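**Q** First the structure, which I've put down as structure tokens, then a few questions once you've had a look.
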Amino acid sequence: MHDYLPLLMVGGVVGLFSTAFLIIWCSIKGKTEEIGFDRTMPDGELFRRLIVYAKPHWKSFVLVLFIMVFSIAYDLISPRILGSVTNMVQEEFELPQLYTMVALYAGLLVVSMVCVYLQSIILQRVGQKILSKLREDLFVHIEGLSHEQLNNIPVGKLVTRETNDTNAISMLFTNILVNMVKNAFSVVGILCAMLVLNYALTLMILCFVPFIIFFTVIFRLLSRRAYRKVKDCTTDINTYLSENLSGIKITQIFNQEDRKNHEFLEKSAALAKARQRQMIVFGTFRPLIHLLNTFAVMCLFYLSARGYIGGTTFLGQVIDSGTVVAFYMYISRFFGPIQNLTEQFNMLQSAMASAEKIFTVFDMEPQVVDEPDAIELDEIRGEIEFRDVWFAYIPDEWVLKGVSFHVQPKQTVAFVGATGSGKSTILSLICRNYDIQKGQILIDGIDIKKIRIASLRRHFGQMLQDVFLFSGTIRSNIALREESFTDEQIWQACKYVNADSFINKLEGGLDEVVRERGNNFSAGQRQLLSFARTIIHRPEVMILDEATANIDTETEILIQDSLEKMKNIGTMLIVAHRLSTIQHSDNIIVLSHGEILEQGTHQELLHNKGRYYQLYTLQFSKQQLQAQGPTA
Ligand SMILES: Nc1ncnc2c1ncn2[C@@H]1O[C@H](COP(=O)(O)OP(=O)(O)O)[C@@H](O)[C@H]1O
Ligand SMILES: [Mg+2]
């Protein structure tokens with residue numbers, strides 16, 4: 001038997017070093033090499049930023065570590081108890097002795113189960129707190145991004161960041177890191193426990209470790225790719241869904257269901273395939289490790305049986321049945337954590353990839369920001385001036401070329417021009433949705449860059465062609481913050497814009513449910529609600545961008561009337577295609593390709609016989625033709 005010793009020694013030492021290598025390799029490898037998740041942020045930096053979210057809960061984490069000691073203790077001690085019991089029952093024993101052992105075992109088991117329960121409760125609570133904090137921070141950050149930045153990120157991607165990725169990070173703290181610590185301690189602890197019990201058998205088991213390393217290396221290579229593919233496919237499908245579900249009516253109108261089905265099936269199949277591949281990789285790795293586990297157990301039984309039958313000793317030691325039982329249990333508790341560690345390193349990498357994606361969004365500095373010396377503007381008169389404003393969405397593709405105009409307080413000014421001439425752009429620049437490249441925009445003589453953005457936007461009421469209603473009630477959509485206005489004020493605003501007549505006919509009145517995007521109301525009704533929403537907030541400057549475009553003639557009369565009334569509230573800037581809507585404006589600015597062609601009152605412009613005159617006569621004759629239509 002002693003012939004085995006040198007061999008086992010070598011195998012054991014190789015195994016021991018391999019264990020250390022495995023642990024070190026897994027942690028260092030992840031840091032130096034980008035684990036295939038396209039990361040550019042170093043792990044150190046990611047951790048530093050992530051820790052900020054864990055820090056407030058450090059007490060819980062310390063508590064969890066403390067509790068963990070007990071559950072590891074169970075793993076280490078229980079095999080010894082069973083081993084002793086096995087030995088005991090083979091010899092003469094007294095029942096009370098056995099009872100004591102059973103009680104000890106049961107006690108340990110209960111303590112360990114309670115510990116696991118407490119640990120998961122604490123971790124889940126902390127995890128949910130971290131998750132909501134992260135989600136809220138991210139949401140607030142996204143809200144602060146400029147229109148240009150938001151135009152560049154698909155909504156589906158942002159949804160994935162807000163849901164899957166924040167979830168992955170909360171898992172990182174509550175599941176991955178904690179279990180990795182536990183598994184690492186378990187591996188070391190069980191190794192020590194085995195060495196103390198029987199060093200020779202421990203050496204035998206360590207001989208299997210090089211094989212574990214081999215499988216692990218291959219597993220990590222394959223699983224890395226599989227993980228990445230699953231992630232990419234998930235983001236892809238989320239992006240596709242969020243866009244196409246919003247546009248599903250267009251799909252139906254244009255009979256594109258088949259094509260869209262086909263596209264979706266492709267994406268869905270890609271995700272299914274990626275997941276299957278991931279499952280195959282995991283499904284192969286786990287049985288392989290289990291196989292090693294079984295081999296180790298077989299060796300254990302073989303060696304001990306040989307010793308028993310042949311009456312020999314193993315490396316000069318007698319292996320009693322108690323030792324066999326204890327080792328049998330230790331072996332699976334040794335291989336299990338190693339397998340878990342490997343899988344958890346992968347999950348760690350995936351979580352770090354999520355973290356990086358989230359921090360990339362966090363790193364998008366809001367482009368339109370308050371200057372350090374920006375001022376609060378409590379009240380404004382509503383005077384607006386553009387001084388030689390140049391603006392481009394894309395560098396050097398000028399959309400506005402040297403636009404200058406002046407609007408006096410309480411004036412109504414209309415913008416006219418072909419589609420794409422820059423009308424909406426002008427209106428959006430006044431609210432500082434984008435920053436201009438050259439020139440100045442002044443409100444009451446103050447450059448808008450010198451005014452705090454929130455304070456600036458508070459003075460504007462925007463009514464656009466696509467009214468966005470949030471799901472909720474009519475009341476919540478008008479007041480936005482319900483507690484800020486009384487029902488009386490809300491009704492007053494509705495009356496003012498002639499929205500009261502249709503709301504009165506609704507069963508729920510102000511409490512009538514508004515479905516997503518207000519799709520249970522007609523375009524005209526939505527528009528009237530948006531007017532009420534604007535009016536109630538009493539803006540000094542009102543902006544109407546083709547707000548009257550989707551409206552039938554009957555509603556138009558209502559809207560025309562409310563527009564007339566709204567003119568008294570403050571300055572009004574209007575874009576409308578029907579020139580009849582803007583005839584009575586104090587000033588009409590005619591735009592073409594980002595430049596002002598002419599401006600003046602309706603009469604002045606007609607008199608000039610310029611572009612406005614052409615547009616007017618065109619619309620006028622069209623109307624007349626329509627009016628004569630049936631008789632002609
Ligand atoms: N977000 C954007 N990114 C890039 N170009 C844009 C964007 N919005 C508008 N444009 C371009 O700016 C020009 C003016 O658009 P806009 O002000 O919306 O015109 P109008 O409202 O007069 O129809 C158009 O040529 C349009 O293609
Ligand atoms: Mg427009």
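Each chain in the structure tokens gets a letter, A, B and so on, in the order shown; residues start at 1 in every chain, and ligands are counted from 1 in the order they appear.
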Please identify every polymer residue within 9 Å of ligand 2, using only C-alpha atoms and all ligand atoms, and present the set as a ChimeraX atom specification.

**A** /A:419-425,465,545-546,575

**Q** Just to be explicit: take each residue in the selection above, keep C-alpha atoms, and write the result as a PDB file, in the first residue's frame.

**A**
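Dumped everything to result_39.pdb:
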ATOM      1  CA  THR A 419     -43.275  71.374 -43.709  1.00  0.00           C
ATOM      2  CA  GLY A 420     -39.644  71.179 -42.622  1.00  0.00           C
ATOM      3  CA  SER A 421     -39.112  74.929 -42.742  1.00  0.00           C
ATOM      4  CA  GLY A 422     -38.225  75.004 -39.030  1.00  0.00           C
ATOM      5  CA  LYS A 423     -41.411  76.117 -37.264  1.00  0.00           C
ATOM      6  CA  SER A 424     -41.444  73.354 -34.642  1.00  0.00           C
ATOM      7  CA  THR A 425     -37.734  73.784 -34.156  1.00  0.00           C
ATOM      8  CA  GLN A 465     -50.248  68.089 -32.468  1.00  0.00           C
ATOM      9  CA  ASP A 545     -47.783  73.583 -32.654  1.00  0.00           C
ATOM     10  CA  GLU A 546     -50.352  72.411 -35.193  1.00  0.00           C
ATOM     11  CA  VAL A 575     -48.157  77.184 -35.812  1.00  0.00           C
TER      12      VAL A 575
END

**Q** Could you report the residues within 12 Å of ligand 1, using only C-alpha atoms and all ligand atoms, as a JSON list (two decimals) with N, CA and C atoms, in the first residue's frame?

**A**
[["chain", "number", "residue", "atom", "x", "y", "z"],
["A", 146, "SER", "N", -31.46, 65.49, -22.54],
["A", 146, "SER", "CA", -32.04, 66.42, -23.51],
["A", 146, "SER", "C", -32.77, 65.64, -24.60],
["A", 147, "HIS", "N", -33.58, 66.35, -25.36],
["A", 147, "HIS", "CA", -34.34, 65.69, -26.43],
["A", 147, "HIS", "C", -33.42, 64.98, -27.40],
["A", 148, "GLU", "N", -32.29, 65.60, -27.68],
["A", 148, "GLU", "CA", -31.38, 65.00, -28.66],
["A", 148, "GLU", "C", -30.86, 63.66, -28.15],
["A", 149, "GLN", "N", -30.47, 63.64, -26.86],
["A", 149, "GLN", "CA", -29.96, 62.39, -26.30],
["A", 149, "GLN", "C", -31.04, 61.31, -26.29],
["A", 150, "LEU", "N", -32.27, 61.73, -25.96],
["A", 150, "LEU", "CA", -33.36, 60.76, -25.91],
["A", 150, "LEU", "C", -33.70, 60.24, -27.29],
["A", 151, "ASN", "N", -33.56, 61.12, -28.30],
["A", 151, "ASN", "CA", -33.83, 60.68, -29.67],
["A", 151, "ASN", "C", -32.89, 59.55, -30.06],
["A", 152, "ASN", "N", -31.69, 59.56, -29.45],
["A", 152, "ASN", "CA", -30.67, 58.61, -29.88],
["A", 152, "ASN", "C", -30.75, 57.25, -29.22],
["A", 391, "PHE", "N", -29.10, 77.24, -35.77],
["A", 391, "PHE", "CA", -29.25, 75.98, -35.06],
["A", 391, "PHE", "C", -29.21, 74.80, -36.03],
["A", 392, "ALA", "N", -28.53, 73.72, -35.61],
["A", 392, "ALA", "CA", -28.49, 72.48, -36.40],
["A", 392, "ALA", "C", -28.65, 71.29, -35.46],
["A", 393, "TYR", "N", -29.48, 70.32, -35.86],
["A", 393, "TYR", "CA", -29.59, 69.08, -35.08],
["A", 393, "TYR", "C", -28.33, 68.25, -35.28],
["A", 394, "ILE", "N", -27.89, 68.24, -36.54],
["A", 394, "ILE", "CA", -26.69, 67.49, -36.90],
["A", 394, "ILE", "C", -25.66, 68.54, -37.32],
["A", 395, "PRO", "N", -24.43, 68.47, -36.78],
["A", 395, "PRO", "CA", -23.46, 69.52, -37.06],
["A", 395, "PRO", "C", -23.41, 69.92, -38.54],
["A", 396, "ASP", "N", -23.45, 71.21, -38.77],
["A", 396, "ASP", "CA", -23.32, 71.81, -40.10],
["A", 396, "ASP", "C", -24.53, 71.63, -41.02],
["A", 397, "GLU", "N", -25.57, 70.90, -40.55],
["A", 397, "GLU", "CA", -26.79, 70.87, -41.37],
["A", 397, "GLU", "C", -27.77, 71.86, -40.74],
["A", 398, "TRP", "N", -27.61, 73.12, -41.15],
["A", 398, "TRP", "CA", -28.34, 74.20, -40.49],
["A", 398, "TRP", "C", -29.84, 74.09, -40.74],
["A", 399, "VAL", "N", -30.60, 74.09, -39.66],
["A", 399, "VAL", "CA", -32.06, 74.06, -39.77],
["A", 399, "VAL", "C", -32.60, 75.49, -39.62],
["A", 400, "LEU", "N", -31.96, 76.27, -38.77],
["A", 400, "LEU", "CA", -32.30, 77.69, -38.67],
["A", 400, "LEU", "C", -31.05, 78.49, -39.03],
["A", 401, "LYS", "N", -31.25, 79.45, -39.95],
["A", 401, "LYS", "CA", -30.08, 80.22, -40.40],
["A", 401, "LYS", "C", -30.31, 81.69, -40.12],
["A", 415, "PHE", "N", -46.45, 81.35, -36.89],
["A", 415, "PHE", "CA", -45.38, 80.94, -37.80],
["A", 415, "PHE", "C", -46.00, 80.15, -38.94],
["A", 416, "VAL", "N", -45.61, 80.53, -40.15],
["A", 416, "VAL", "CA", -46.18, 79.90, -41.34],
["A", 416, "VAL", "C", -45.02, 79.45, -42.21],
["A", 417, "GLY", "N", -45.21, 78.34, -42.89],
["A", 417, "GLY", "CA", -44.15, 77.89, -43.80],
["A", 417, "GLY", "C", -44.36, 76.44, -44.14],
["A", 418, "ALA", "N", -43.64, 75.98, -45.18],
["A", 418, "ALA", "CA", -43.81, 74.60, -45.62],
["A", 418, "ALA", "C", -43.33, 73.65, -44.53],
["A", 419, "THR", "N", -43.74, 72.40, -44.64],
["A", 419, "THR", "CA", -43.28, 71.37, -43.71],
["A", 419, "THR", "C", -41.75, 71.29, -43.78],
["A", 420, "GLY", "N", -41.10, 71.27, -42.64],
["A", 420, "GLY", "CA", -39.64, 71.18, -42.62],
["A", 420, "GLY", "C", -38.97, 72.53, -42.67],
["A", 421, "SER", "N", -39.76, 73.62, -42.64],
["A", 421, "SER", "CA", -39.11, 74.93, -42.74],
["A", 421, "SER", "C", -38.53, 75.38, -41.40],
["A", 422, "GLY", "N", -38.87, 74.69, -40.31],
["A", 422, "GLY", "CA", -38.23, 75.00, -39.03],
["A", 422, "GLY", "C", -39.15, 75.60, -37.99],
["A", 423, "LYS", "N", -40.46, 75.51, -38.21],
["A", 423, "LYS", "CA", -41.41, 76.12, -37.26],
["A", 423, "LYS", "C", -41.35, 75.43, -35.89],
["A", 424, "SER", "N", -41.47, 74.08, -35.92],
["A", 424, "SER", "CA", -41.44, 73.35, -34.64],
["A", 424, "SER", "C", -40.11, 73.55, -33.94],
["A", 425, "THR", "N", -39.06, 73.61, -34.74],
["A", 425, "THR", "CA", -37.73, 73.78, -34.16],
["A", 425, "THR", "C", -37.67, 75.08, -33.35],
["A", 426, "ILE", "N", -38.18, 76.18, -33.93],
["A", 426, "ILE", "CA", -38.17, 77.47, -33.23],
["A", 426, "ILE", "C", -38.89, 77.35, -31.89],
["A", 427, "LEU", "N", -40.07, 76.73, -31.92],
["A", 427, "LEU", "CA", -40.86, 76.63, -30.70],
["A", 427, "LEU", "C", -40.14, 75.78, -29.65],
["A", 428, "SER", "N", -39.43, 74.75, -30.14],
["A", 428, "SER", "CA", -38.78, 73.87, -29.18],
["A", 428, "SER", "C", -37.52, 74.52, -28.61],
["A", 429, "LEU", "N", -36.93, 75.45, -29.37],
["A", 429, "LEU", "CA", -35.73, 76.14, -28.86],
["A", 429, "LEU", "C", -36.08, 77.12, -27.74],
["A", 433, "ASN", "N", -35.28, 72.95, -25.27],
["A", 433, "ASN", "CA", -35.17, 71.50, -25.42],
["A", 433, "ASN", "C", -33.83, 71.16, -26.06],
["A", 434, "TYR", "N", -33.32, 72.09, -26.84],
["A", 434, "TYR", "CA", -31.99, 71.97, -27.42],
["A", 434, "TYR", "C", -31.27, 73.29, -27.19],
["A", 464, "LEU", "N", -49.22, 70.50, -28.40],
["A", 464, "LEU", "CA", -48.66, 70.00, -29.65],
["A", 464, "LEU", "C", -49.70, 69.20, -30.42],
["A", 465, "GLN", "N", -49.31, 68.83, -31.63],
["A", 465, "GLN", "CA", -50.25, 68.09, -32.47],
["A", 465, "GLN", "C", -50.58, 66.73, -31.87],
["A", 544, "LEU", "N", -48.52, 76.71, -29.38],
["A", 544, "LEU", "CA", -49.42, 75.76, -30.06],
["A", 544, "LEU", "C", -48.77, 75.32, -31.35],
["A", 545, "ASP", "N", -48.41, 74.06, -31.43],
["A", 545, "ASP", "CA", -47.78, 73.58, -32.65],
["A", 545, "ASP", "C", -48.75, 72.66, -33.38],
["A", 546, "GLU", "N", -49.39, 73.16, -34.40],
["A", 546, "GLU", "CA", -50.35, 72.41, -35.19],
["A", 546, "GLU", "C", -51.37, 71.72, -34.31],
["A", 547, "ALA", "N", -51.70, 72.41, -33.22],
["A", 547, "ALA", "CA", -52.62, 71.80, -32.26],
["A", 547, "ALA", "C", -54.01, 71.69, -32.84],
["A", 574, "ILE", "N", -48.12, 80.48, -32.29],
["A", 574, "ILE", "CA", -48.96, 79.47, -32.95],
["A", 574, "ILE", "C", -48.34, 79.01, -34.26],
["A", 575, "VAL", "N", -48.39, 77.70, -34.47],
["A", 575, "VAL", "CA", -48.16, 77.18, -35.81],
["A", 575, "VAL", "C", -49.45, 76.53, -36.22],
["A", 576, "ALA", "N", -50.02, 76.95, -37.34],
["A", 576, "ALA", "CA", -51.26, 76.33, -37.79],
["A", 576, "ALA", "C", -51.28, 76.32, -39.30],
["A", 577, "HIS", "N", -51.77, 75.22, -39.84],
["A", 577, "HIS", "CA", -51.80, 75.15, -41.30],
["A", 577, "HIS", "C", -52.98, 75.91, -41.87],
["A", 589, "ILE", "N", -45.07, 85.33, -39.03],
["A", 589, "ILE", "CA", -43.71, 85.18, -39.52],
["A", 589, "ILE", "C", -43.69, 84.05, -40.55],
["A", 590, "VAL", "N", -43.24, 84.37, -41.76],
["A", 590, "VAL", "CA", -43.23, 83.37, -42.82],
["A", 590, "VAL", "C", -41.83, 82.82, -42.98],
["A", 591, "LEU", "N", -41.72, 81.49, -42.84],
["A", 591, "LEU", "CA", -40.41, 80.84, -42.88],
["A", 591, "LEU", "C", -40.25, 80.03, -44.15],
["A", 592, "SER", "N", -39.00, 79.93, -44.60],
["A", 592, "SER", "CA", -38.70, 79.01, -45.68],
["A", 592, "SER", "C", -37.27, 78.52, -45.49],
["A", 593, "HIS", "N", -37.09, 77.22, -45.44],
["A", 593, "HIS", "CA", -35.76, 76.62, -45.28],
["A", 593, "HIS", "C", -34.96, 77.25, -44.14],
["A", 594, "GLY", "N", -35.61, 77.49, -43.03],
["A", 594, "GLY", "CA", -34.89, 77.99, -41.86],
["A", 594, "GLY", "C", -34.57, 79.46, -41.90],
["A", 595, "GLU", "N", -35.18, 80.20, -42.82],
["A", 595, "GLU", "CA", -34.96, 81.65, -42.85],
["A", 595, "GLU", "C", -36.31, 82.36, -42.87],
["A", 596, "ILE", "N", -36.30, 83.57, -42.33],
["A", 596, "ILE", "CA", -37.55, 84.33, -42.34],
["A", 596, "ILE", "C", -37.68, 85.05, -43.69]]

**Q** May I have the residues within 10 Å of Glu343 (chain A) as a PyMOL selection string, using only C-alpha atoms and disregarding those fewer than 2 positions away in the same chain?

**A** chain A and resi 176+180+216+219-220+223+282+285-286+337-341+345-348

**Q** Which is closest to Ile358 (chain A) among A:Leu191, A:Leu108, A:Cys299, A:Leu138, if we use only C-alpha atoms?

**A**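 Using only C-alpha atoms, the shortest distance to Ile358 (chain A) belongs to A:Leu138.
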
**Q** Can you pull out every residue within 8 Å of Leu377 (chain A), counting only C-alpha atoms, but drop anything in the same chain fewer than 5 positions away, and send it as a PyMOL selection string?

**A** chain A and resi 451-452+455-456

**Q** Compare A:Ile237, A:Ala353, A:Leu615, A:Leu123 by their minimum atom-to-atom distance to Thr174 (chain A), counting only C-alpha atoms, and give me the closest one.

**A**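 Among the listed residues, A:Leu123 lies closest to Thr174 (chain A).
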
**Q** As an MDAnalysis selection string, please: the residues near Asn293 (chain A) (cut-off 10 Å, only C-alpha atoms, same-chain neighbours under 4 positions excluded).

**A** chainID A and resid 205 208 212 287:289 297:298 328 331:336

**Q** Which residue, A:Lys59, A:Arg475, A:Arg538, A:Lys622, has the smallest gap to Ile503 (chain A) when you use only C-alpha atoms?

**A**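 Distance minimum relative to Ile503 (chain A) lands on A:Arg475.
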
**Q** When you look at Ala523 (chain A) with a cut-off of 9 Å (counting only C-alpha atoms), what residues show up, excluding the ones that are within fewer than 2 positions of it in the same chain? I need them as a PDB file with C-alpha atoms, in the first residue's frame.

**A**
ATOM      1  CA  ASP A 466     -49.804  64.699 -30.795  1.00  0.00           C
ATOM      2  CA  VAL A 467     -51.329  65.165 -27.413  1.00  0.00           C
ATOM      3  CA  ASN A 519     -56.723  56.190 -26.837  1.00  0.00           C
ATOM      4  CA  PHE A 521     -60.758  59.805 -26.630  1.00  0.00           C
ATOM      5  CA  GLN A 525     -61.182  65.714 -27.250  1.00  0.00           C
ATOM      6  CA  ARG A 526     -57.576  64.992 -26.445  1.00  0.00           C
ATOM      7  CA  GLN A 527     -56.644  68.388 -27.811  1.00  0.00           C
ATOM      8  CA  LEU A 528     -59.247  70.136 -25.652  1.00  0.00           C
ATOM      9  CA  ASN A 550     -56.574  66.934 -36.322  1.00  0.00           C
ATOM     10  CA  ILE A 551     -59.801  68.617 -35.624  1.00  0.00           C
TER      11      ILE A 551
END

**Q** Set the distance at 12 Å and use only C-alpha atoms: which residues neighbour Thr160 (chain A) once local chain neighbours fewer than 3 positions away are removed? I'd like the list as number ranges by chain.

**A** A: 135, 138, 153-157, 163-168, 231-242, 354, 357-358, 361

**Q** Among region 586-618 of chain A, which ones does DSSP place in strand (DSSP E or B), written as a PDB file with N, CA and C atoms, in the first residue's frame?

**A**
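Just written: part-v2.pdb:
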ATOM      1  N   ASN A 587     -48.696  89.319 -35.296  1.00  0.00           N
ATOM      2  CA  ASN A 587     -47.583  89.255 -36.238  1.00  0.00           C
ATOM      3  C   ASN A 587     -47.560  87.862 -36.846  1.00  0.00           C
ATOM      4  N   ILE A 588     -47.300  87.782 -38.148  1.00  0.00           N
ATOM      5  CA  ILE A 588     -47.190  86.483 -38.811  1.00  0.00           C
ATOM      6  C   ILE A 588     -45.803  86.398 -39.407  1.00  0.00           C
ATOM      7  N   ILE A 589     -45.075  85.327 -39.034  1.00  0.00           N
ATOM      8  CA  ILE A 589     -43.706  85.182 -39.516  1.00  0.00           C
ATOM      9  C   ILE A 589     -43.688  84.052 -40.546  1.00  0.00           C
ATOM     10  N   VAL A 590     -43.236  84.371 -41.759  1.00  0.00           N
ATOM     11  CA  VAL A 590     -43.235  83.367 -42.821  1.00  0.00           C
ATOM     12  C   VAL A 590     -41.826  82.819 -42.980  1.00  0.00           C
ATOM     13  N   LEU A 591     -41.720  81.489 -42.844  1.00  0.00           N
ATOM     14  CA  LEU A 591     -40.409  80.841 -42.881  1.00  0.00           C
ATOM     15  C   LEU A 591     -40.249  80.028 -44.150  1.00  0.00           C
ATOM     16  N   SER A 592     -38.999  79.928 -44.596  1.00  0.00           N
ATOM     17  CA  SER A 592     -38.702  79.006 -45.684  1.00  0.00           C
ATOM     18  C   SER A 592     -37.269  78.523 -45.492  1.00  0.00           C
ATOM     19  N   GLU A 595     -35.176  80.199 -42.820  1.00  0.00           N
ATOM     20  CA  GLU A 595     -34.961  81.646 -42.849  1.00  0.00           C
ATOM     21  C   GLU A 595     -36.308  82.359 -42.870  1.00  0.00           C
ATOM     22  N   ILE A 596     -36.301  83.571 -42.335  1.00  0.00           N
ATOM     23  CA  ILE A 596     -37.553  84.327 -42.343  1.00  0.00           C
ATOM     24  C   ILE A 596     -37.677  85.048 -43.685  1.00  0.00           C
ATOM     25  N   LEU A 597     -38.767  84.759 -44.393  1.00  0.00           N
ATOM     26  CA  LEU A 597     -38.978  85.413 -45.690  1.00  0.00           C
ATOM     27  C   LEU A 597     -39.595  86.790 -45.494  1.00  0.00           C
ATOM     28  N   GLU A 598     -40.654  86.816 -44.676  1.00  0.00           N
ATOM     29  CA  GLU A 598     -41.338  88.099 -44.450  1.00  0.00           C
ATOM     30  C   GLU A 598     -42.109  88.004 -43.152  1.00  0.00           C
ATOM     31  N   GLN A 599     -42.444  89.139 -42.573  1.00  0.00           N
ATOM     32  CA  GLN A 599     -43.318  89.130 -41.412  1.00  0.00           C
ATOM     33  C   GLN A 599     -44.163  90.394 -41.355  1.00  0.00           C
ATOM     34  N   GLY A 600     -45.315  90.278 -40.706  1.00  0.00           N
ATOM     35  CA  GLY A 600     -46.232  91.408 -40.615  1.00  0.00           C
ATOM     36  C   GLY A 600     -47.607  90.904 -40.251  1.00  0.00           C
TER      37      GLY A 600
END
